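Quick look at model_13.cif (mmCIF, C-alpha atoms):
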data_structure
loop_
_atom_site.label_atom_id
_atom_site.label_comp_id
_atom_site.auth_asym_id
_atom_site.auth_seq_id
_atom_site.Cartn_x
_atom_site.Cartn_y
_atom_site.Cartn_z
CA MET A 1 -4.89 -25.04 7.45
CA GLY A 2 -7.32 -22.94 9.51
CA LYS A 3 -10.69 -23.94 10.85
CA LYS A 4 -13.72 -24.65 8.72
CA ILE A 5 -16.00 -21.71 8.02
CA THR A 6 -19.12 -20.92 6.02
CA LEU A 7 -19.58 -18.06 3.62
CA THR A 8 -22.10 -17.02 1.01
CA ILE A 9 -21.17 -16.58 -2.63
CA ASP A 10 -23.98 -15.49 -4.95
CA ASP A 11 -26.64 -16.59 -2.42
CA ARG A 12 -25.06 -20.01 -2.08
CA GLN A 13 -23.68 -21.34 1.19
CA VAL A 14 -20.19 -22.77 0.74
CA THR A 15 -17.68 -24.09 3.22
CA ALA A 16 -14.01 -23.33 3.17
CA PHE A 17 -10.98 -23.19 5.41
CA GLU A 18 -10.03 -19.94 7.06
CA GLY A 19 -7.24 -18.16 5.22
CA GLU A 20 -8.03 -19.65 1.83
CA LYS A 21 -8.26 -17.20 -1.05
CA LEU A 22 -11.78 -16.41 -2.22
CA LEU A 23 -11.06 -17.08 -5.91
CA TRP A 24 -10.12 -20.71 -5.34
CA VAL A 25 -13.01 -21.32 -2.93
CA ALA A 26 -15.43 -20.04 -5.57
CA LEU A 27 -13.87 -22.07 -8.38
CA GLU A 28 -13.90 -25.25 -6.30
CA ASN A 29 -17.63 -24.72 -5.78
CA ASP A 30 -18.24 -24.28 -9.51
CA ILE A 31 -18.79 -20.55 -9.21
CA TYR A 32 -16.89 -18.99 -12.08
CA ILE A 33 -14.80 -15.88 -11.59
CA PRO A 34 -12.63 -14.81 -14.55
CA HIS A 35 -8.92 -15.02 -13.81
CA LEU A 36 -5.61 -15.25 -15.69
CA CYS A 37 -2.68 -14.39 -13.45
CA ALA A 38 -3.81 -16.24 -10.33
CA ILE A 39 -1.68 -19.16 -9.16
CA LYS A 40 -3.07 -21.14 -6.27
CA GLU A 41 0.29 -22.03 -4.75
CA GLU A 42 1.51 -18.45 -4.80
CA GLU A 43 1.60 -16.87 -1.36
CA ARG A 44 1.45 -13.31 -2.59
CA PRO A 45 -0.58 -13.18 -5.82
CA SER A 46 0.47 -10.54 -8.33
CA ALA A 47 -3.21 -9.62 -8.93
CA SER A 48 -2.17 -8.08 -12.21
CA CYS A 49 -4.83 -9.22 -14.67
CA ARG A 50 -7.60 -7.34 -12.82
CA LEU A 51 -10.26 -9.79 -13.96
CA CYS A 52 -11.31 -11.47 -10.71
CA PHE A 53 -13.10 -8.52 -9.12
CA VAL A 54 -16.01 -9.32 -6.80
CA GLU A 55 -18.19 -7.37 -4.40
CA VAL A 56 -17.86 -8.26 -0.72
CA GLU A 57 -20.50 -6.95 1.67
CA GLY A 58 -19.02 -4.35 3.99
CA PHE A 59 -16.29 -3.34 1.50
CA SER A 60 -16.64 0.04 -0.19
CA HIS A 61 -15.07 -1.09 -3.46
CA PRO A 62 -14.84 -4.31 -5.48
CA VAL A 63 -11.86 -6.43 -4.48
CA THR A 64 -9.73 -8.96 -6.37
CA ALA A 65 -10.82 -12.45 -5.37
CA CYS A 66 -7.32 -13.87 -5.78
CA THR A 67 -5.95 -11.75 -2.94
CA GLN A 68 -9.00 -11.70 -0.68
CA GLU A 69 -8.98 -14.22 2.16
CA VAL A 70 -12.29 -15.79 3.14
CA TYR A 71 -13.75 -15.34 6.60
CA ALA A 72 -16.78 -16.68 8.43
CA GLY A 73 -20.04 -15.05 7.44
CA MET A 74 -18.55 -13.36 4.37
CA ILE A 75 -21.15 -12.39 1.77
CA VAL A 76 -19.85 -12.23 -1.79
CA LYS A 77 -21.43 -11.24 -5.07
CA THR A 78 -19.47 -12.17 -8.18
CA ARG A 79 -21.44 -9.80 -10.38
CA SER A 80 -22.52 -6.19 -10.03
CA PRO A 81 -22.56 -3.21 -12.41
CA ARG A 82 -19.29 -1.99 -10.87
CA VAL A 83 -17.60 -5.38 -11.17
CA ASP A 84 -18.80 -5.83 -14.74
CA ARG A 85 -17.47 -2.43 -15.69
CA LEU A 86 -14.05 -3.09 -14.18
CA VAL A 87 -13.80 -6.51 -15.80
CA LYS A 88 -14.95 -5.19 -19.16
CA SER A 89 -12.25 -2.51 -19.13
CA ALA A 90 -9.53 -4.87 -17.91
CA PHE A 91 -10.51 -7.41 -20.54
CA GLU A 92 -10.39 -4.87 -23.34
CA LEU A 93 -7.01 -3.62 -22.13
CA LEU A 94 -5.72 -7.19 -22.31
CA LEU A 95 -7.18 -7.65 -25.80
CA SER A 96 -5.58 -4.43 -27.03
CA ASP A 97 -2.19 -6.01 -26.34
CA HIS A 98 -3.08 -9.43 -27.77
CA ARG A 99 -2.96 -10.33 -31.44
CA LEU A 100 -6.57 -11.24 -32.13
CA GLU A 101 -6.56 -13.80 -34.89
CA CYS A 102 -8.48 -16.57 -33.22
CA ALA A 103 -9.12 -18.47 -36.46
CA LYS A 104 -5.36 -18.82 -37.04
CA CYS A 105 -4.52 -19.50 -33.39
CA PRO A 106 -3.71 -23.04 -32.22
CA LYS A 107 -5.49 -22.36 -28.93
CA ASN A 108 -8.75 -21.51 -30.70
CA ARG A 109 -11.60 -22.97 -28.62
CA SER A 110 -9.31 -23.81 -25.69
CA CYS A 111 -8.28 -20.22 -25.00
CA GLU A 112 -8.98 -18.65 -21.60
CA LEU A 113 -9.76 -15.30 -23.22
CA GLN A 114 -12.48 -16.92 -25.27
CA LYS A 115 -13.80 -18.62 -22.15
CA ILE A 116 -13.94 -15.34 -20.22
CA ALA A 117 -15.64 -13.60 -23.16
CA LYS A 118 -18.24 -16.36 -23.33
CA GLU A 119 -18.91 -16.49 -19.59
CA ARG A 120 -19.19 -12.75 -19.15
CA LYS A 121 -20.68 -12.02 -22.59
CA LEU A 122 -17.78 -9.75 -23.52
CA LYS A 123 -16.76 -8.94 -27.06
CA LEU A 124 -13.62 -10.51 -28.48
CA ARG A 125 -12.77 -7.32 -30.30
CA LEU A 126 -11.80 -3.78 -29.43
CA THR A 127 -14.51 -1.17 -29.16
CA ARG A 128 -12.90 1.72 -27.27
CA LEU A 129 -9.18 1.08 -27.59
CA LYS A 130 -6.74 0.94 -30.44
CA PRO A 131 -4.60 -2.17 -30.76
CA LEU A 132 -0.97 -1.89 -29.67
CA GLU A 133 1.03 -2.74 -32.70
CA LYS A 134 3.87 -4.92 -31.58
CA GLU A 135 6.23 -6.65 -33.91
CA TYR A 136 7.80 -9.43 -31.94
CA ALA A 137 9.67 -12.27 -33.58
CA ILE A 138 8.15 -15.71 -33.11
CA ASP A 139 10.58 -18.06 -31.36
CA GLU A 140 10.55 -21.50 -32.96
CA SER A 141 14.00 -22.48 -31.77
CA MET A 142 12.83 -25.18 -29.37
CA GLY A 143 11.18 -27.31 -32.02
CA SER A 144 8.64 -29.02 -29.77
CA PHE A 145 6.90 -25.75 -28.91
CA VAL A 146 6.65 -22.20 -30.18
CA PHE A 147 6.66 -18.87 -28.34
CA ASP A 148 4.71 -16.06 -29.96
CA PRO A 149 5.08 -12.98 -27.71
CA SER A 150 2.47 -11.00 -29.63
CA ARG A 151 -0.23 -13.27 -28.16
CA CYS A 152 1.14 -13.08 -24.61
CA VAL A 153 -1.14 -11.47 -22.00
CA LEU A 154 1.63 -11.26 -19.36
CA CYS A 155 -0.22 -13.42 -16.85
CA GLY A 156 3.09 -14.76 -15.55
CA ARG A 157 2.05 -18.41 -15.23
CA CYS A 158 4.96 -19.56 -17.40
CA VAL A 159 7.43 -17.49 -15.37
CA TYR A 160 6.03 -18.94 -12.15
CA VAL A 161 6.40 -22.60 -13.20
CA ASP A 162 9.78 -21.89 -14.74
CA HIS A 163 11.10 -20.31 -11.54
CA GLN A 164 9.22 -22.06 -8.73
CA GLU A 165 8.18 -25.43 -10.06
CA VAL A 166 10.89 -26.71 -12.39
CA GLU A 167 13.43 -24.17 -11.08
CA VAL A 168 15.11 -23.56 -14.40
CA GLY A 169 15.07 -19.76 -14.65
CA ALA A 170 15.09 -19.52 -18.42
CA ILE A 171 12.37 -16.92 -18.86
CA GLY A 172 11.21 -13.88 -16.94
CA PHE A 173 9.51 -10.54 -17.19
CA THR A 174 11.72 -7.87 -18.74
CA HIS A 175 11.37 -4.22 -19.77
CA ARG A 176 8.66 -1.93 -18.52
CA GLY A 177 5.31 -0.44 -19.39
CA LEU A 178 4.03 -1.09 -22.88
CA GLN A 179 7.33 -2.82 -23.70
CA ARG A 180 6.89 -5.33 -20.88
CA LYS A 181 7.38 -8.86 -22.13
CA VAL A 182 8.44 -12.35 -21.23
CA THR A 183 11.90 -13.04 -22.61
CA THR A 184 15.08 -14.97 -21.98
CA PHE A 185 18.29 -13.34 -20.73
CA GLY A 186 19.27 -10.72 -23.29
CA GLY A 187 16.06 -11.34 -25.22
CA GLY A 188 17.60 -14.18 -27.21
CA LEU A 189 16.17 -17.46 -28.42
CA LEU A 190 14.92 -20.10 -25.99
CA ALA A 191 17.34 -22.59 -27.51
CA ASP A 192 20.25 -20.37 -26.38
CA SER A 193 18.84 -20.07 -22.85
CA PRO A 194 18.99 -22.51 -19.92
CA CYS A 195 15.55 -23.82 -21.07
CA THR A 196 15.35 -27.60 -20.75
CA GLY A 197 12.33 -27.92 -23.03
CA CYS A 198 10.24 -29.54 -20.29
CA GLY A 199 7.13 -27.86 -21.66
CA ARG A 200 5.57 -26.96 -18.30
CA CYS A 201 5.28 -23.32 -19.34
CA VAL A 202 3.46 -24.39 -22.48
CA GLU A 203 0.98 -26.44 -20.46
CA VAL A 204 0.06 -23.52 -18.21
CA CYS A 205 -0.19 -20.83 -20.91
CA PRO A 206 -3.84 -19.71 -20.97
CA VAL A 207 -3.61 -18.26 -24.48
CA GLY A 208 -1.82 -19.08 -27.74
CA ALA A 209 1.49 -17.48 -26.80
CA LEU A 210 3.15 -20.79 -25.99
CA PHE A 211 1.91 -23.85 -27.84
CA PHE A 212 3.12 -27.32 -28.76
CA THR A 213 3.92 -27.71 -32.43
CA ASP A 214 2.20 -31.09 -32.84
CA LYS A 215 -1.10 -29.55 -31.75
CA ALA A 216 -0.63 -26.61 -34.08
CA GLY A 217 -1.35 -28.86 -37.05
CA MET B 1 28.08 -5.62 -28.22
CA THR B 2 31.43 -7.36 -28.54
CA LEU B 3 33.88 -6.70 -25.74
CA LEU B 4 37.07 -4.78 -26.37
CA GLU B 5 40.46 -6.30 -25.79
CA GLY B 6 41.15 -6.61 -22.08
CA GLU B 7 37.62 -5.52 -21.19
CA ARG B 8 36.67 -9.02 -20.07
CA GLU B 9 39.29 -9.01 -17.32
CA VAL B 10 38.25 -5.54 -16.17
CA ILE B 11 34.61 -6.63 -15.94
CA LEU B 12 35.42 -9.80 -14.01
CA LYS B 13 37.68 -7.93 -11.61
CA HIS B 14 35.18 -5.19 -10.77
CA VAL B 15 32.21 -7.54 -10.46
CA LYS B 16 34.16 -9.81 -8.13
CA GLU B 17 35.28 -6.90 -5.97
CA ILE B 18 31.76 -5.48 -5.70
CA LEU B 19 30.20 -8.88 -4.95
CA ASP B 20 32.82 -9.60 -2.31
CA ASP B 21 32.10 -6.25 -0.75
CA ARG B 22 28.31 -6.40 -0.93
CA GLY B 23 27.61 -10.01 -0.07
CA THR B 24 25.44 -12.48 -1.91
CA SER B 25 21.95 -11.72 -0.63
CA ARG B 26 19.29 -11.10 -3.26
CA GLU B 27 18.39 -7.71 -1.76
CA ASN B 28 21.77 -6.49 -2.92
CA LEU B 29 20.93 -6.91 -6.59
CA ILE B 30 20.11 -3.27 -7.33
CA PRO B 31 23.00 -1.74 -5.33
CA VAL B 32 25.37 -4.22 -7.01
CA LEU B 33 24.05 -3.31 -10.46
CA GLN B 34 24.45 0.38 -9.63
CA GLN B 35 28.01 -0.04 -8.43
CA VAL B 36 28.97 -2.17 -11.42
CA GLN B 37 27.53 0.42 -13.77
CA ASP B 38 29.42 3.16 -11.91
CA LYS B 39 32.67 1.31 -12.53
CA LEU B 40 32.06 0.12 -16.09
CA GLY B 41 29.77 2.81 -17.46
CA TYR B 42 27.24 0.18 -18.46
CA LEU B 43 26.08 -3.36 -17.69
CA PRO B 44 27.68 -5.84 -20.08
CA ASP B 45 26.02 -9.27 -20.44
CA LEU B 46 29.04 -10.88 -18.84
CA ALA B 47 28.70 -8.71 -15.74
CA MET B 48 24.99 -9.55 -15.40
CA GLN B 49 25.77 -13.27 -15.72
CA LYS B 50 28.45 -13.06 -13.05
CA ILE B 51 26.16 -11.08 -10.74
CA ALA B 52 23.40 -13.69 -11.21
CA ALA B 53 25.83 -16.48 -10.40
CA GLY B 54 27.12 -14.55 -7.38
CA LEU B 55 23.65 -13.92 -5.96
CA ASP B 56 22.43 -17.39 -6.98
CA ILE B 57 19.45 -16.15 -9.00
CA PRO B 58 18.49 -16.80 -12.65
CA THR B 59 20.28 -14.55 -15.15
CA VAL B 60 16.95 -13.53 -16.63
CA ASP B 61 15.93 -11.99 -13.27
CA VAL B 62 18.98 -9.73 -13.36
CA TYR B 63 18.17 -8.83 -16.94
CA GLY B 64 14.55 -8.14 -15.95
CA ILE B 65 15.59 -5.67 -13.25
CA ALA B 66 18.22 -4.04 -15.46
CA THR B 67 15.73 -3.49 -18.29
CA PHE B 68 13.00 -2.29 -15.92
CA TYR B 69 14.88 0.72 -14.59
CA ASN B 70 15.91 3.56 -16.88
CA GLN B 71 19.03 4.17 -14.83
CA PHE B 72 20.62 0.98 -16.15
CA ARG B 73 22.12 0.80 -19.61
CA MET B 74 22.99 -2.33 -21.52
CA ASN B 75 25.22 -0.59 -24.03
CA PRO B 76 28.55 1.15 -23.43
CA PRO B 77 28.40 4.94 -23.66
CA GLY B 78 29.88 6.14 -26.94
CA ASP B 79 32.80 8.57 -27.22
CA HIS B 80 30.16 11.08 -28.22
CA GLN B 81 26.70 10.89 -26.73
CA PHE B 82 23.57 12.23 -28.33
CA LYS B 83 20.72 12.82 -25.92
CA VAL B 84 17.54 13.70 -27.72
CA CYS B 85 15.00 15.54 -25.61
CA MET B 86 11.57 13.96 -25.52
CA GLY B 87 10.01 16.40 -23.09
CA THR B 88 6.56 17.72 -23.94
CA ALA B 89 7.71 20.78 -25.95
CA CYS B 90 10.38 18.90 -27.90
CA TYR B 91 8.04 16.00 -28.52
CA MET B 92 5.37 18.33 -29.89
CA VAL B 93 7.69 19.98 -32.41
CA GLY B 94 9.23 16.75 -33.65
CA GLY B 95 11.72 15.35 -31.18
CA ASN B 96 10.82 11.93 -32.54
CA ILE B 97 11.86 13.13 -36.02
CA ALA B 98 15.26 14.12 -34.60
CA ILE B 99 15.67 10.75 -32.89
CA GLU B 100 14.65 8.92 -36.05
CA SER B 101 17.17 10.92 -38.07
CA PHE B 102 19.93 9.86 -35.68
CA GLU B 103 18.72 6.28 -35.78
CA ARG B 104 18.79 6.26 -39.57
CA ARG B 105 22.15 7.97 -39.91
CA LEU B 106 23.94 5.99 -37.19
CA GLU B 107 22.11 2.75 -38.01
CA ILE B 108 21.36 2.11 -34.36
CA ARG B 109 18.21 2.29 -32.27
CA GLU B 110 17.57 4.58 -29.34
CA GLY B 111 19.54 3.36 -26.30
CA GLU B 112 22.19 1.71 -28.44
CA THR B 113 25.81 2.41 -29.32
CA THR B 114 27.47 2.16 -32.73
CA PRO B 115 29.65 -0.95 -33.07
CA ASP B 116 32.83 1.20 -33.13
CA ARG B 117 31.62 2.76 -29.83
CA LYS B 118 31.97 6.24 -31.29
CA PHE B 119 28.35 7.36 -30.87
CA SER B 120 25.53 6.47 -28.53
CA LEU B 121 21.96 7.62 -28.73
CA GLU B 122 19.58 8.17 -25.84
CA ARG B 123 16.30 9.84 -25.13
CA VAL B 124 16.03 12.14 -22.14
CA ALA B 125 13.23 14.06 -20.49
CA CYS B 126 13.22 17.86 -20.42
CA VAL B 127 16.65 19.48 -20.75
CA GLY B 128 15.30 22.84 -19.58
CA CYS B 129 15.43 25.00 -22.68
CA CYS B 130 12.05 24.41 -24.27
CA THR B 131 12.19 27.59 -26.37
CA MET B 132 14.89 25.91 -28.45
CA ALA B 133 12.80 22.79 -29.05
CA PRO B 134 13.50 20.25 -30.39
CA VAL B 135 16.70 20.03 -28.38
CA VAL B 136 19.58 17.57 -28.62
CA LEU B 137 22.44 17.38 -26.15
CA VAL B 138 25.60 16.66 -28.09
CA ASP B 139 27.90 15.52 -25.29
CA GLU B 140 27.47 18.57 -23.01
CA GLU B 141 26.57 21.07 -25.73
CA VAL B 142 22.93 22.06 -26.30
CA GLU B 143 21.80 22.07 -29.91
CA GLY B 144 18.46 23.78 -30.53
CA HIS B 145 15.94 23.57 -33.33
CA VAL B 146 17.27 20.23 -34.50
CA THR B 147 15.92 19.31 -37.92
CA PRO B 148 17.05 16.25 -39.90
CA THR B 149 19.42 18.52 -41.85
CA ARG B 150 20.92 19.72 -38.58
CA VAL B 151 21.43 16.08 -37.57
CA ASP B 152 23.40 15.59 -40.79
CA GLY B 153 25.37 18.74 -39.93
CA ILE B 154 26.21 17.54 -36.42
CA LEU B 155 27.43 14.20 -37.69
CA LEU B 156 29.36 15.83 -40.54
CA ALA B 157 31.19 18.01 -38.00
CA PHE B 158 32.31 14.90 -36.14
CA GLU B 159 33.34 13.22 -39.37
CA THR B 160 35.50 16.14 -40.47
CA GLU B 161 36.98 16.33 -36.97
CA THR B 162 38.06 12.69 -37.07
CA GLU B 163 39.38 13.13 -40.62
CA LYS B 164 41.43 16.11 -39.46
CA GLU B 165 42.78 14.16 -36.51
CA GLU B 166 43.64 11.23 -38.69
CA GLY B 167 45.21 13.63 -41.16
CA LYS B 168 47.28 15.19 -38.37
CA ASN B 169 48.40 11.81 -37.10
CA GLY B 170 49.24 10.85 -40.66
CA GLU B 171 51.28 14.03 -41.13
CA GLY B 172 52.98 13.45 -37.82
CA ILE B 173 54.10 10.02 -38.93
CA GLU B 174 55.31 11.38 -42.26
CA GLU B 175 57.24 14.15 -40.54
CA LYS B 176 58.87 11.67 -38.23
CA GLU B 177 59.78 9.49 -41.17
CA GLU B 178 61.18 12.51 -42.99
CA ARG B 179 63.27 13.40 -39.99
CA ARG B 180 64.46 9.86 -39.73
CA SER B 181 65.45 9.84 -43.40
CA ASP B 182 67.21 13.19 -42.86
CA ALA B 183 69.18 11.74 -40.03
#

If you took the structure in this file and wrote it as structure tokens, what would it be?
Amino acid sequence: MGKKITLTIDDRQVTAFEGEKLLWVALENDIYIPHLCAIKEEERPSASCRLCFVEVEGFSHPVTACTQEVYAGMIVKTRSPRVDRLVKSAFELLLSDHRLECAKCPKNRSCELQKIAKERKLKLRLTRLKPLEKEYAIDESMGSFVFDPSRCVLCGRCVYVDHQEVEVGAIGFTHRGLQRKVTTFGGGLLADSPCTGCGRCVEVCPVGALFFTDKAG
Amino acid sequence: MTLLEGEREVILKHVKEILDDRGTSRENLIPVLQQVQDKLGYLPDLAMQKIAAGLDIPTVDVYGIATFYNQFRMNPPGDHQFKVCMGTACYMVGGNIAIESFERRLEIREGETTPDRKFSLERVACVGCCTMAPVVLVDEEVEGHVTPTRVDGILLAFETETEKEEGKNGEGIEEKEERRSDA
């Protein structure tokens, strides 16, 4: 760990260690920055959700907080018209690929998308985009939990814990573009994969794509 | 896709040879996949599993790479390949209608092969003869202005061809039998 430094986030002085990523410094100091794909332990963040944009003084464009390292004397603003516009667009793009039926969703009220919408006063419906109509089969083969790919926002948290934490390698990103999804080898059922049913992926899922059946009610 | 008789051994042999040659570092995944596809014409599940084991990575990672790149195919090429052009011109005049007609008639989806491995269906980008749009490459032959009726026609031609061949073979056997009975 590097030496202790001071930086300013939204006019507040906070201390951090050199080399830490801005997103986690802000979150630890109760300054909220929307994020989905960020994983603290990951050395090279994928920065794919495009939600954690912030303005840093001296930078010409907003940067993603999950990839930006802190430095002494850094001055950060978590909100600006440019940041809000980027986040609004990224959020709507995510929603267009997410089956929006919150009332029927087991993660209703504990969903990260709902949290982001509330914090940033964003609408939980599409205004400019058409929904992508995906017909993915719901995988109930594991019994203790269910995988519904149509609610997946491709944050990659489940893939990370599966690969790096429990080191099972049952699920991963497959296909490309609009067809991109999290599947098992060959796209088969979880029960036919090396999945051990540990449930770590379910715990980290920010939305209702992976959920425990007992909580589904 | 179920493997043909003896195909399993061929797959195992080629994959082993290529892995032995290439080494087991993860960076070799794409070159290995390319070489295996060169040898086998496609990437069977078994080959991907063996490659994953050889490189000591999860099978799903191999599958992820193989499905990401268009150059890799998961299904064996059919005896006859239909490549439906989805370039701008063909798309505008109904290339998707042509592809749907093939899908309906062959009962497979784009990128798949019929279970008897006779026909495979693919989409390609511009073939280079946009005036004939929508274009379908039937093996190496260019078919222009492909309507659903033309799709039926193309498939009918193949059906009659196989019937003829079967008929010929049948006759051949009969002739032989006749000769035998003569002798």

If we count all atoms listed in the file, which residues of chain A reach to within 8 Å of chain B? Please list them as a VMD selection string. chain A and resid 168 to 176 183 to 186

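If you count all atoms listed in the file and draw a sphere of 8 Å around (26.5, 1.8, -27.0), the protein and nucleic acid residues inside it come out as Met1, Met74, Asn75, Pro76, Pro77, Gly78, Gly111, Glu112, Thr113, Thr114, Pro115, Arg117, Phe119, Ser120 and Leu121 of chain B.
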
Just so the selection is clear, what residues does the PyMOL selection byres ((chain B and resi 139-151) around 7) cover here, as a PDB file with C-alpha atoms, in the frame of the given file?
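The file below, selection.pdb, is the result:
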ATOM      1  CA  HIS B  80      30.160  11.080 -28.220  1.00  0.00           C
ATOM      2  CA  GLN B  81      26.700  10.890 -26.730  1.00  0.00           C
ATOM      3  CA  PHE B  82      23.570  12.230 -28.330  1.00  0.00           C
ATOM      4  CA  ALA B  98      15.260  14.120 -34.600  1.00  0.00           C
ATOM      5  CA  SER B 101      17.170  10.920 -38.070  1.00  0.00           C
ATOM      6  CA  PHE B 102      19.930   9.860 -35.680  1.00  0.00           C
ATOM      7  CA  MET B 132      14.890  25.910 -28.450  1.00  0.00           C
ATOM      8  CA  ALA B 133      12.800  22.790 -29.050  1.00  0.00           C
ATOM      9  CA  PRO B 134      13.500  20.250 -30.390  1.00  0.00           C
ATOM     10  CA  VAL B 135      16.700  20.030 -28.380  1.00  0.00           C
ATOM     11  CA  VAL B 136      19.580  17.570 -28.620  1.00  0.00           C
ATOM     12  CA  LEU B 137      22.440  17.380 -26.150  1.00  0.00           C
ATOM     13  CA  VAL B 138      25.600  16.660 -28.090  1.00  0.00           C
ATOM     14  CA  ASP B 152      23.400  15.590 -40.790  1.00  0.00           C
ATOM     15  CA  GLY B 153      25.370  18.740 -39.930  1.00  0.00           C
ATOM     16  CA  ILE B 154      26.210  17.540 -36.420  1.00  0.00           C
ATOM     17  CA  LEU B 155      27.430  14.200 -37.690  1.00  0.00           C
TER      18      LEU B 155
END

re CA of Ser46 (chain A) and CA of Ala90 (chain A): distance 15.0 Å

So what does the PyMOL selection byres ((chain A and resi 82) around 10) actually pick up in this one, as a list in words? Phe53, Val54, Glu55, His61, Pro62, Arg79, Ser80, Pro81, Val83, Asp84, Arg85, Leu86, Val87 and Lys88 of chain A

Applying the PyMOL selection byres ((chain B and resi 88) around 10) to the file I just gave you, which residues come out? Please list them as a PyMOL selection string. chain B and resi 85-87+89-93+95+125-126+130+133-134

Between CA of Gly54 (chain B) and CA of Glu165 (chain A), measure the distance and give it in Å to one decimal. 22.0 Å
